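Asks: Sending over a structure as structure tokens; questions will come in a sec.
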Protein chains: 4
Amino acid sequence: MGYGSDPLTQEVTDRLRDVFEAPDAAVHLVATGTSANALALATMIAPWQTVFCHRHAHIEEDECGAPEFFTGGAKLVPLDGADGRIDPALLSKRLEMASPAVHQVQKGVLSLTNLTERGTRYSVAQIAELSAIAKAHAVPVHLDGARFANALVAEGCSPAEMTWKAGVDAVSFGGTKNGLLAVEAVILFDPDKARDFEFRRKRGGHLVSKHRFLAAQMAAYLDGDLWLSLATQANAMAERLETGLREAGVQLMHPRGGNMLFVEWPQRVQKTLQKAGAVFYGAPVHGRDPEAANGCMARLVTSWSTTEDQVDRFLAALGHPD
Amino acid sequence: MGYGSDPLTQEVTDRLRDVFEAPDAAVHLVATGTSANALALATMIAPWQTVFCHRHAHIEEDECGAPEFFTGGAKLVPLDGADGRIDPALLSKRLEMASPAVHQVQKGVLSLTNLTERGTRYSVAQIAELSAIAKAHAVPVHLDGARFANALVAEGCSPAEMTWKAGVDAVSFGGTKNGLLAVEAVILFDPDKARDFEFRRKRGGHLVSKHRFLAAQMAAYLDGDLWLSLATQANAMAERLETGLREAGVQLMHPRGGNMLFVEWPQRVQKTLQKAGAVFYGAPVHGRDPEAANGCMARLVTSWSTTEDQVDRFLAALGHPD
Amino acid sequence: MGYGSDPLTQEVTDRLRDVFEAPDAAVHLVATGTSANALALATMIAPWQTVFCHRHAHIEEDECGAPEFFTGGAKLVPLDGADGRIDPALLSKRLEMASPAVHQVQKGVLSLTNLTERGTRYSVAQIAELSAIAKAHAVPVHLDGARFANALVAEGCSPAEMTWKAGVDAVSFGGTKNGLLAVEAVILFDPDKARDFEFRRKRGGHLVSKHRFLAAQMAAYLDGDLWLSLATQANAMAERLETGLREAGVQLMHPRGGNMLFVEWPQRVQKTLQKAGAVFYGAPVHGRDPEAANGCMARLVTSWSTTEDQVDRFLAALGHPD
Amino acid sequence: MGYGSDPLTQEVTDRLRDVFEAPDAAVHLVATGTSANALALATMIAPWQTVFCHRHAHIEEDECGAPEFFTGGAKLVPLDGADGRIDPALLSKRLEMASPAVHQVQKGVLSLTNLTERGTRYSVAQIAELSAIAKAHAVPVHLDGARFANALVAEGCSPAEMTWKAGVDAVSFGGTKNGLLAVEAVILFDPDKARDFEFRRKRGGHLVSKHRFLAAQMAAYLDGDLWLSLATQANAMAERLETGLREAGVQLMHPRGGNMLFVEWPQRVQKTLQKAGAVFYGAPVHGRDPEAANGCMARLVTSWSTTEDQVDRFLAALGHPD
């Protein structure tokens, strides 16, 4: 009863179909977000097709070419857009200009990320707008939902509304960043893709033999809507943090969509905070004076385990940086 | 401190170097045996090279082409040999006949499996003999050690003796089949390969973000030589099973190397046992009468959790099949 | 008007459709036999599928892994069979034993070679028999026709009879080995595959810009059935050679199917012939005394340009080797 | 004596080494520019590395992903720069910002194109500047020389000066666009890469059996410096055309580097010219009124076979488009 044929895997599969109101969807678990994305994309396109994504998408910047590897060498087409969201006008233009000639790579799939890599959020309407543009060119849509739960509770909609009802064909439904050890679910609303996905997963070394240990994590995640509670807590702590940062006069780089904030400050602020025990990613901005007011950027992420006290201590350590 | 930069991962790395008496070895954890094998092999050869392996090797028969995928299309060369062990004379011949011409795929790597896929064991001397043949042709050696612990305690040698002292260059050191949830370590005795491996692992979606949960499993596995105790128990139960099977007149297909036995019997015996609650893989043999004495084959595996009572109940249910 | 959009390419396409009595077939020209085979196979299967072929097929032994490269890592399954022809019983058995499970590579395509790599020929009935076995398992059939013309005139049938009427789905229709500089046509009887093929060809660097120079060769080849005349001449010279060899007591290794003969003789015979100016491939047989009667093998190929005088001089130089 | 082992291939190899003053260089012929580029790049980098190139490079825009296919999924990084030439400051910045972390694709190779895809030319000094930037980051340099001869005679330097003396490590030396049927030479100044290249070429289906027919074209190309005469003629005709276009008030989009001009004009001008028999690529510019002064762009290419009379007739047909 290994490799996903166990009853717990079947149960979790059914529950995820319920969650997404998609009784026919194909549901597969994997252990990493990179494999979820790369396998989903490879299932959706041919090697000579493209993946349209934001310039700062995880698949473009942080997966060491996994999408290229799994697709057999497809080309990612990075698109601009403020605050980590693809500009619909740019997507339109790229799709209109795409050539059907054999010399050019062909229109493939649109991949959105929600929450975005800049901590912002696509609204359901924005997803629907971009999907509609894609669909008008027969281009399917993938959603990288590493932070799906955070986007969902912030948006206050249902999983179906954020996905297939808005034109999304496949979702990488993240669990790891919202409290699980290492589980993501790939949900394909077109079940005809399921068999292809399964061969790619096995061939990619991503079919776990004691699969029930993946399923068990996902089962706990769904029990009593734990996944939503965890995301609600993370978002609330981010809101608290945002309020404090604004009061302290810190410059937020992008509007907050969920549990992730990007700020700019001088390097000394970063050092002060890290000395006080805060753990976050921060770096000097290329080409600027590190001690300028915008000399460093930092990425502040709250989680299900973040407490009010932690936020308050962070803000206390921050003081009034200027 | 994600992605393997945590202290527990460092600790486990050091301990595995100690276990293998290889202070410079590169050690990497992954979650599946298929990824361990495929990543190791891809690191060792070019796409136009070959992997010499037994006809029934896991990489040849049970990984849905993962080695081909990760190597960029290398060719597996299946070799015959009794009881799941490669015939040294055949390996010699294939290596001698390998052409250096550009029209032919080129000699690449030798991959051994211990325990073999037929439940037998390569002795240290046999590994050394095959490695020496390979090395005479400048061909490095990989060891698929999904059941490394079972082979080791049965052979009664040290990890170093079974690997680099016998000419092995890289090992897939299995944990999952010996009690872990999902962890295998890839040990490369040539540390120059480490960086290449790391990019392949990330790109393959096999770098787990909360890596400490892989490391924690491996740490527990090594604590107090638990891994050896688990394998010792599994092997002892297989020995007890073997004794009982022989007394019952059951035909063993291959000599037992550790914790896995292959037998032939009529289909009715298989059904009797499964009805009594025994769980094992069994199937009719292609082209034979299922009710003949050799009509079905079965693969009987004991584990760290198998008890004497379970073995005895299995044997009692078996009775005297003829 | 480059890249195949020229009138001559269109004309040649239409003429090949006529030759094969296949008005809807997709026809594409490439410059090498290896690319013709690899592109055709890649168009027919998924990366996790297999190519069933004879153990000595060109795709298995002489293309440096091109099929693996173009298919994205498919697995070639070499099958035995006397005289370079696949044994139908073996093919049947392999197809029956193929597992649909996700752990195993999946049944893909059957690739036949006519003339075979041993200089023999599949009759139309033999092709039909193998195709029928494949089709019963939903496996399509590819024909490597590097020596298609030689097989055809020897068999005395029509191109349609040797291909789609006998169950063949795609043909690599060779020109280079029968007098052209460097042109092969890939004919796909299922035109739905055409677009896929075209992207693979371009992406593989095999779409020639001044495509009319490929088409011009093929046009000349078809004019007045030149291709059949060339093959007829080559076959006649091989027949003359065979007669002489038999009279001289030379051992033929396989029955002659067209314009290629395999013989065994002592190395001194080979040296005598090559000293007299004969050009052919010959080599000592691994594991035998080179001066034994069967110590060396040689591959004797006649061509469209071989003359009776050349054959007679070869036979004269041969004398009576024993 | 097939597959490049013929004397003519050896002769041509030696002559190209002389032409490039590189006695140790590896020289290989292929039939298409796409294969020359893709094979060279694949030989220079690992699959997880990048190819830095201009946004409008042929490898980025016109090869249907061939570099991705041959490299095993490397990522092309398109860079901006006026007139088809990479902006050195941008290249510097990208290289400085490249991360060595395992999450990111790694710095690979710089690929320049001369003449550029906009018909301009890198001077030797500009090549040297970009190469020096790359080399400071241990990044090797490839030159796509599909129009190498046109660039060379316009620049008035030696092949060595334009390549290895300016830091170039590998060249795709074009023949097809300068009069040959279908031949390009790949010249690797590091001969250690030769063997790797040869396996990739064979495996890619690009090793032509009757290789002497490729070599014969290249021999004729080099005889009496024919290749330089052909390019000189093409460039002279482009200069004549440029003069006439300027006199007619036509807007040139980029400075002329050799034998290719880009212009903007209303669609009616394009139609007038094409009606008069002129053959060129022209298209409406996305988002503009086709009949505006800059409504259409056209790419005007002269060749070795272009005559003064043809140019003059083109200019006469053009008239004074306003």
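Residue numbering restarts at 1 in every chain; chains get A, B, ... in the order shown in the structure tokens, and ligands count up from 1 in that same order.
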Enumerate as a ChimeraX atom specification the residues belonging to chain C that approach chain B to within 10 Å, with only C-alpha atoms taken into account.

Replies: /C:47-50,58,60-76,93,96-97,101-106,286-287

Asks: Using the selection just defined, write its residues with N, CA and C atoms as a tab-separated table (two decimals), in the first residue's frame.

Replies:
```tsv
chain	number	residue	atom	x	y	z
C	47	PRO	N	8.49	10.83	-23.28
C	47	PRO	CA	9.82	10.49	-22.75
C	47	PRO	C	9.86	9.25	-21.87
C	48	TRP	N	8.73	8.87	-21.30
C	48	TRP	CA	8.74	7.71	-20.41
C	48	TRP	C	8.28	6.45	-21.14
C	49	GLN	N	8.36	6.48	-22.44
C	49	GLN	CA	7.98	5.30	-23.20
C	49	GLN	C	9.20	4.63	-23.83
C	50	THR	N	8.95	3.47	-24.44
C	50	THR	CA	10.05	2.68	-24.97
C	50	THR	C	10.03	2.63	-26.49
C	58	HIS	N	20.29	0.32	-36.06
C	58	HIS	CA	21.13	1.52	-36.14
C	58	HIS	C	20.82	2.47	-34.99
C	60	GLU	N	19.90	1.77	-32.09
C	60	GLU	CA	20.42	1.23	-30.83
C	60	GLU	C	21.94	1.26	-30.79
C	61	GLU	N	22.56	0.99	-31.91
C	61	GLU	CA	24.01	0.77	-31.88
C	61	GLU	C	24.86	1.87	-32.50
C	62	ASP	N	24.29	2.68	-33.37
C	62	ASP	CA	25.15	3.53	-34.19
C	62	ASP	C	24.78	5.00	-34.21
C	63	GLU	N	23.97	5.45	-33.29
C	63	GLU	CA	23.55	6.86	-33.35
C	63	GLU	C	23.92	7.61	-32.07
C	64	CYS	N	24.82	7.04	-31.31
C	64	CYS	CA	25.35	7.72	-30.11
C	64	CYS	C	24.26	8.26	-29.19
C	65	GLY	N	23.16	7.54	-29.16
C	65	GLY	CA	22.10	7.96	-28.25
C	65	GLY	C	21.20	9.06	-28.78
C	66	ALA	N	21.20	9.29	-30.08
C	66	ALA	CA	20.33	10.33	-30.64
C	66	ALA	C	18.85	10.11	-30.29
C	67	PRO	N	18.34	8.88	-30.37
C	67	PRO	CA	16.92	8.70	-30.00
C	67	PRO	C	16.66	9.09	-28.54
C	68	GLU	N	17.59	8.75	-27.65
C	68	GLU	CA	17.42	9.13	-26.26
C	68	GLU	C	17.44	10.66	-26.14
C	69	PHE	N	18.31	11.31	-26.87
C	69	PHE	CA	18.42	12.77	-26.79
C	69	PHE	C	17.15	13.44	-27.31
C	70	PHE	N	16.68	13.05	-28.47
C	70	PHE	CA	15.53	13.74	-29.07
C	70	PHE	C	14.22	13.42	-28.36
C	71	THR	N	14.12	12.22	-27.81
C	71	THR	CA	12.87	11.86	-27.10
C	71	THR	C	12.82	12.40	-25.69
C	72	GLY	N	13.92	12.95	-25.19
C	72	GLY	CA	13.94	13.39	-23.80
C	72	GLY	C	14.18	12.24	-22.84
C	73	GLY	N	14.90	11.22	-23.33
C	73	GLY	CA	15.30	10.15	-22.41
C	73	GLY	C	14.43	8.91	-22.45
C	74	ALA	N	13.84	8.60	-23.59
C	74	ALA	CA	13.11	7.34	-23.71
C	74	ALA	C	14.09	6.18	-23.65
C	75	LYS	N	13.55	4.98	-23.42
C	75	LYS	CA	14.41	3.80	-23.28
C	75	LYS	C	14.25	2.91	-24.50
C	76	LEU	N	15.37	2.56	-25.11
C	76	LEU	CA	15.34	1.60	-26.20
C	76	LEU	C	15.37	0.19	-25.61
C	93	LYS	N	5.90	-11.33	-26.43
C	93	LYS	CA	6.12	-11.56	-25.01
C	93	LYS	C	6.43	-10.25	-24.29
C	96	GLU	N	3.30	-8.22	-23.98
C	96	GLU	CA	2.36	-8.79	-23.00
C	96	GLU	C	2.84	-8.54	-21.57
C	97	MET	N	4.15	-8.56	-21.38
C	97	MET	CA	4.68	-8.40	-20.04
C	97	MET	C	4.82	-6.93	-19.63
C	101	ALA	N	2.07	0.04	-14.79
C	101	ALA	CA	2.32	0.73	-13.52
C	101	ALA	C	3.27	1.91	-13.71
C	102	VAL	N	3.14	2.87	-12.84
C	102	VAL	CA	3.90	4.11	-12.95
C	102	VAL	C	5.39	3.90	-12.69
C	103	HIS	N	5.75	2.77	-12.11
C	103	HIS	CA	7.16	2.50	-11.82
C	103	HIS	C	7.94	2.09	-13.07
C	104	GLN	N	7.21	1.66	-14.08
C	104	GLN	CA	7.89	1.13	-15.26
C	104	GLN	C	7.73	2.07	-16.46
C	105	VAL	N	8.76	2.10	-17.30
C	105	VAL	CA	8.60	2.79	-18.58
C	105	VAL	C	7.50	2.08	-19.35
C	106	GLN	N	6.83	2.84	-20.20
C	106	GLN	CA	5.62	2.35	-20.85
C	106	GLN	C	5.86	1.99	-22.32
C	286	HIS	N	35.52	-10.77	-31.86
C	286	HIS	CA	35.95	-10.83	-30.46
C	286	HIS	C	36.01	-12.27	-29.96
C	287	GLY	N	37.17	-12.66	-29.48
C	287	GLY	CA	37.28	-13.97	-28.85
C	287	GLY	C	37.67	-15.11	-29.79
```

Asks: By least-squares superposition of chain D on chain A, using all C-alpha atoms in order, what RMSD in Å to one decimal is obtained?

Replies: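 Once chain D is fitted onto chain A, the C-alpha RMSD works out to 0.1 Å.
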
Asks: Can you pull out every residue within 8 Å of region 82-90 of chain A, counting only C-alpha atoms, but drop anything in the same chain fewer than 3 positions away, and send it as number ranges by chain?

Replies: A: 53-57, 79, 93-94, 112, 116-122, 129-130, 133, 254-255

Asks: Export, as a PDB file, in the first residue's frame, the selected residues with C-alpha atoms.

Replies:
```
ATOM      1  CA  CYS A  53       5.526  34.699 -15.637  1.00  0.00           C
ATOM      2  CA  HIS A  54       6.463  37.724 -13.607  1.00  0.00           C
ATOM      3  CA  ARG A  55      10.091  38.772 -13.782  1.00  0.00           C
ATOM      4  CA  HIS A  56      10.437  37.991 -10.079  1.00  0.00           C
ATOM      5  CA  ALA A  57       8.478  34.738 -10.056  1.00  0.00           C
ATOM      6  CA  LEU A  79       7.110  39.980 -17.714  1.00  0.00           C
ATOM      7  CA  LYS A  93       0.981  42.561 -26.062  1.00  0.00           C
ATOM      8  CA  ARG A  94       3.285  39.575 -25.721  1.00  0.00           C
ATOM      9  CA  LEU A 112       0.744  33.425 -11.704  1.00  0.00           C
ATOM     10  CA  THR A 116       3.274  37.235  -5.256  1.00  0.00           C
ATOM     11  CA  GLU A 117       7.011  37.236  -4.682  1.00  0.00           C
ATOM     12  CA  ARG A 118       6.696  40.835  -3.542  1.00  0.00           C
ATOM     13  CA  GLY A 119       4.175  39.993  -0.846  1.00  0.00           C
ATOM     14  CA  THR A 120       1.280  41.521  -2.713  1.00  0.00           C
ATOM     15  CA  ARG A 121      -1.877  39.744  -3.726  1.00  0.00           C
ATOM     16  CA  TYR A 122      -3.774  39.243  -6.928  1.00  0.00           C
ATOM     17  CA  GLU A 129      -8.539  39.383 -15.987  1.00  0.00           C
ATOM     18  CA  LEU A 130      -5.169  37.797 -16.690  1.00  0.00           C
ATOM     19  CA  ILE A 133      -6.345  37.343 -21.698  1.00  0.00           C
ATOM     20  CA  HIS A 254       4.806  47.181  -1.804  1.00  0.00           C
ATOM     21  CA  PRO A 255       1.266  47.007  -0.443  1.00  0.00           C
TER      22      PRO A 255
END
```

Asks: Extract, using only C-alpha atoms, all DNA, RNA and protein residues at most 10 Å from Leu228 (chain D), discarding same-chain residues fewer than 6 positions from it, and format them as a ChimeraX atom specification.

Replies: /D:148-150,152-153,178,221-222,234,304

Asks: Tell me which protein, DNA and RNA residues are within 8 Å of Gln267 (chain D), counting only C-alpha atoms, leaving out same-chain ones fewer than 6 positions away, and put them as a count of residues only.

Replies: 6

Asks: Quick one: residues within 12 Å of Asn294 (chain D), only C-alpha atoms, excluding same-chain residues fewer than 2 positions away - as number ranges by chain?

Replies: D: 250-253, 262-270, 283-292, 296-298, 321-322
